[in-house]
Amino acid sequence: MIGVDCNREMLGLARKYQGVVAERIGYGNVDFRYGMIQDLQLDLDLLGRELQQHPVTDPTGWLTLRNVEERLRRDQPMIASDSVDCVVSNCVLNLVRQHDRRQLFAEIF
């Protein structure tokens, strides 16, 4: 199972109690990843590392960052295409911005 969240606080809580919950229910097969549900290819942890090494300080840096994002999606996707059989949501899909919803459902599909 894969949990995805772009809220650092919620991701931190999930990761903090991951072992406790696994012990209590007898299963430890969940991996929590930092990303956006409408962009399952972009691993925000990897993007953060890139930004630490190459901070964006001007429009040229921003343009370069866009290329970095595409490279990460292609070469190191957070969740590989065709690797998930079932998607379950606690209604977080409703929080996705209206203009990102087409991409969201395309990602799920």
# chains A, B, ... in the order shown; residues from 1 in each chain; ligands from 1
$ select_by_dssp --residues "range 13-102 of chain A" --states "alpha helix (DSSP H)" --output "number ranges by chain"
A: 13-25, 44-53, 59-75, 101-102
$ closest_residue --among "A:Met78, A:Val87, A:Leu72, A:Leu93" --to "Leu40 in chain A" --atoms "only C-alpha atoms"
A:Met78
$ atom_distance --atom1 "CA of Cys6 in chain A" --atom2 "CA of Gly35 in chain A"
4.9 Å
$ select_by_dssp --residues "chain A" --states "strand (DSSP E)" --output "number ranges by chain"
A: 2-5, 31-34
$ residues_around --residues "Val88 in chain A" --least-positions-apart "6" --cutoff "12 Å" --atoms "only C-alpha atoms" --output "PyMOL selection string"
chain A and resi 1-4+37+108
$ residues_around --residues "Asn7 in chain A" --least-positions-apart "3" --cutoff "8 Å" --atoms "only C-alpha atoms" --output "JSON list (two decimals) with C-alpha atoms, in the first residue's frame"
[["chain", "number", "residue", "atom", "x", "y", "z"],
["A", 10, "MET", "CA", 0.14, 14.87, 8.15],
["A", 11, "LEU", "CA", 2.90, 12.92, 6.41],
["A", 34, "TYR", "CA", 5.54, 13.06, -0.19]]
$ closest_residue --among "A:Thr60, A:Gln53, A:Gln41, A:Gln76" --to "Glu107 in chain A" --atoms "only C-alpha atoms"
A:Gln41
$ residues_around --residues "Tyr27 in chain A" --least-positions-apart "5" --cutoff "12 Å" --atoms "only C-alpha atoms" --output "list of chain:residue names"
A:Met1, A:Gln18, A:Gly19, A:Val20, A:Val21, A:Ala22
$ residues_around --residues "Leu65 in chain A" --least-positions-apart "4" --cutoff "9 Å" --atoms "only C-alpha atoms" --output "PyMOL selection string"
chain A and resi 47+50-51+54+56+60-61+69-70
$ atom_distance --atom1 "CA of Cys86 in chain A" --atom2 "CA of Arg8 in chain A"
24.1 Å
$ closest_residue --among "A:Ser83, A:Gln52, A:Ser89, A:Gly28" --to "Asp5 in chain A" --atoms "only C-alpha atoms"
A:Ser89
$ decode --residues "chain A" --atoms "C-alpha atoms" --output "mmCIF file, in the first residue's frame"
data_model
loop_
_atom_site.group_PDB
_atom_site.id
_atom_site.type_symbol
_atom_site.label_atom_id
_atom_site.label_comp_id
_atom_site.auth_asym_id
_atom_site.auth_seq_id
_atom_site.Cartn_x
_atom_site.Cartn_y
_atom_site.Cartn_z
ATOM 1 C CA MET A 1 0.000 0.000 0.000
ATOM 2 C CA ILE A 2 1.111 3.522 -0.727
ATOM 3 C CA GLY A 3 -0.056 6.613 1.117
ATOM 4 C CA VAL A 4 0.424 9.975 -0.597
ATOM 5 C CA ASP A 5 0.251 13.390 1.040
ATOM 6 C CA CYS A 6 1.598 16.847 0.266
ATOM 7 C CA ASN A 7 0.993 18.114 3.797
ATOM 8 C CA ARG A 8 4.278 17.705 5.689
ATOM 9 C CA GLU A 9 2.543 17.667 9.086
ATOM 10 C CA MET A 10 0.140 14.867 8.153
ATOM 11 C CA LEU A 11 2.895 12.922 6.410
ATOM 12 C CA GLY A 12 5.034 13.255 9.526
ATOM 13 C CA LEU A 13 2.240 11.871 11.710
ATOM 14 C CA ALA A 14 1.658 8.947 9.362
ATOM 15 C CA ARG A 15 5.341 8.093 9.300
ATOM 16 C CA LYS A 16 5.732 8.587 13.064
ATOM 17 C CA TYR A 17 3.042 6.036 13.928
ATOM 18 C CA GLN A 18 3.579 3.705 10.985
ATOM 19 C CA GLY A 19 5.445 1.130 13.066
ATOM 20 C CA VAL A 20 2.987 1.243 15.965
ATOM 21 C CA VAL A 21 -0.002 0.710 13.686
ATOM 22 C CA ALA A 22 1.781 -2.062 11.778
ATOM 23 C CA GLU A 23 2.534 -3.851 15.040
ATOM 24 C CA ARG A 24 -1.048 -3.543 16.267
ATOM 25 C CA ILE A 25 -2.718 -4.782 13.097
ATOM 26 C CA GLY A 26 -0.037 -7.261 12.128
ATOM 27 C CA TYR A 27 0.815 -5.718 8.747
ATOM 28 C CA GLY A 28 3.599 -3.307 7.869
ATOM 29 C CA ASN A 29 3.090 -3.000 4.147
ATOM 30 C CA VAL A 30 2.426 0.753 3.874
ATOM 31 C CA ASP A 31 4.850 3.273 2.426
ATOM 32 C CA PHE A 32 4.062 6.978 2.872
ATOM 33 C CA ARG A 33 5.301 9.287 0.139
ATOM 34 C CA TYR A 34 5.537 13.062 -0.190
ATOM 35 C CA GLY A 35 3.670 14.161 -3.285
ATOM 36 C CA MET A 36 0.436 15.437 -4.748
ATOM 37 C CA ILE A 37 -2.418 13.092 -5.559
ATOM 38 C CA GLN A 38 -2.884 14.803 -8.930
ATOM 39 C CA ASP A 39 0.786 14.309 -9.869
ATOM 40 C CA LEU A 40 1.806 10.841 -8.725
ATOM 41 C CA GLN A 41 4.990 10.873 -10.764
ATOM 42 C CA LEU A 42 6.631 13.851 -9.033
ATOM 43 C CA ASP A 43 8.371 12.833 -5.792
ATOM 44 C CA LEU A 44 8.491 16.017 -3.708
ATOM 45 C CA ASP A 45 11.267 14.601 -1.505
ATOM 46 C CA LEU A 46 13.496 14.261 -4.580
ATOM 47 C CA LEU A 47 12.456 17.692 -5.820
ATOM 48 C CA GLY A 48 13.323 19.152 -2.412
ATOM 49 C CA ARG A 49 16.820 17.682 -2.624
ATOM 50 C CA GLU A 50 17.278 19.226 -6.056
ATOM 51 C CA LEU A 51 16.136 22.605 -4.732
ATOM 52 C CA GLN A 52 18.592 22.411 -1.831
ATOM 53 C CA GLN A 53 21.439 21.886 -4.278
ATOM 54 C CA HIS A 54 20.159 24.418 -6.831
ATOM 55 C CA PRO A 55 17.899 27.055 -5.217
ATOM 56 C CA VAL A 56 15.608 28.998 -7.530
ATOM 57 C CA THR A 57 16.368 32.708 -7.309
ATOM 58 C CA ASP A 58 15.322 34.049 -10.707
ATOM 59 C CA PRO A 59 13.180 33.220 -13.752
ATOM 60 C CA THR A 60 16.015 31.281 -15.382
ATOM 61 C CA GLY A 61 16.227 29.065 -12.309
ATOM 62 C CA TRP A 62 12.474 28.525 -12.465
ATOM 63 C CA LEU A 63 12.703 27.462 -16.105
ATOM 64 C CA THR A 64 15.498 25.058 -15.181
ATOM 65 C CA LEU A 65 13.366 23.703 -12.332
ATOM 66 C CA ARG A 66 10.595 22.837 -14.769
ATOM 67 C CA ASN A 67 13.078 20.676 -16.684
ATOM 68 C CA VAL A 68 14.205 19.060 -13.428
ATOM 69 C CA GLU A 69 10.580 18.225 -12.600
ATOM 70 C CA GLU A 70 10.103 16.538 -15.966
ATOM 71 C CA ARG A 71 13.350 14.579 -15.567
ATOM 72 C CA LEU A 72 12.293 13.372 -12.109
ATOM 73 C CA ARG A 73 8.854 12.344 -13.383
ATOM 74 C CA ARG A 74 10.414 10.419 -16.245
ATOM 75 C CA ASP A 75 13.485 8.886 -14.572
ATOM 76 C CA GLN A 76 12.437 8.519 -10.914
ATOM 77 C CA PRO A 77 8.632 8.569 -10.653
ATOM 78 C CA MET A 78 7.184 8.586 -7.144
ATOM 79 C CA ILE A 79 4.686 5.935 -8.290
ATOM 80 C CA ALA A 80 5.321 4.143 -11.551
ATOM 81 C CA SER A 81 2.540 4.067 -14.132
ATOM 82 C CA ASP A 82 0.449 0.896 -14.159
ATOM 83 C CA SER A 83 1.723 -0.157 -10.721
ATOM 84 C CA VAL A 84 -1.458 0.416 -8.680
ATOM 85 C CA ASP A 85 -4.554 -1.781 -8.776
ATOM 86 C CA CYS A 86 -6.902 0.135 -6.498
ATOM 87 C CA VAL A 87 -7.224 3.733 -5.256
ATOM 88 C CA VAL A 88 -8.931 4.572 -1.972
ATOM 89 C CA SER A 89 -9.469 8.143 -0.817
ATOM 90 C CA ASN A 90 -10.717 9.724 2.389
ATOM 91 C CA CYS A 91 -12.258 12.501 0.254
ATOM 92 C CA VAL A 92 -8.971 14.368 -0.127
ATOM 93 C CA LEU A 93 -9.736 14.339 -3.842
ATOM 94 C CA ASN A 94 -12.264 17.100 -3.113
ATOM 95 C CA LEU A 95 -9.395 19.349 -1.966
ATOM 96 C CA VAL A 96 -7.681 19.284 -5.359
ATOM 97 C CA ARG A 97 -8.041 22.598 -7.173
ATOM 98 C CA GLN A 98 -10.821 22.558 -9.756
ATOM 99 C CA HIS A 99 -8.477 23.149 -12.696
ATOM 100 C CA ASP A 100 -6.246 20.216 -11.583
ATOM 101 C CA ARG A 101 -9.041 17.659 -11.442
ATOM 102 C CA ARG A 102 -8.685 16.404 -15.023
ATOM 103 C CA GLN A 103 -5.048 15.616 -14.324
ATOM 104 C CA LEU A 104 -6.067 14.019 -11.015
ATOM 105 C CA PHE A 105 -8.469 11.567 -12.616
ATOM 106 C CA ALA A 106 -6.043 10.895 -15.475
ATOM 107 C CA GLU A 107 -3.413 9.972 -12.851
ATOM 108 C CA ILE A 108 -5.808 7.634 -11.091
ATOM 109 C CA PHE A 109 -6.866 6.036 -14.369
#
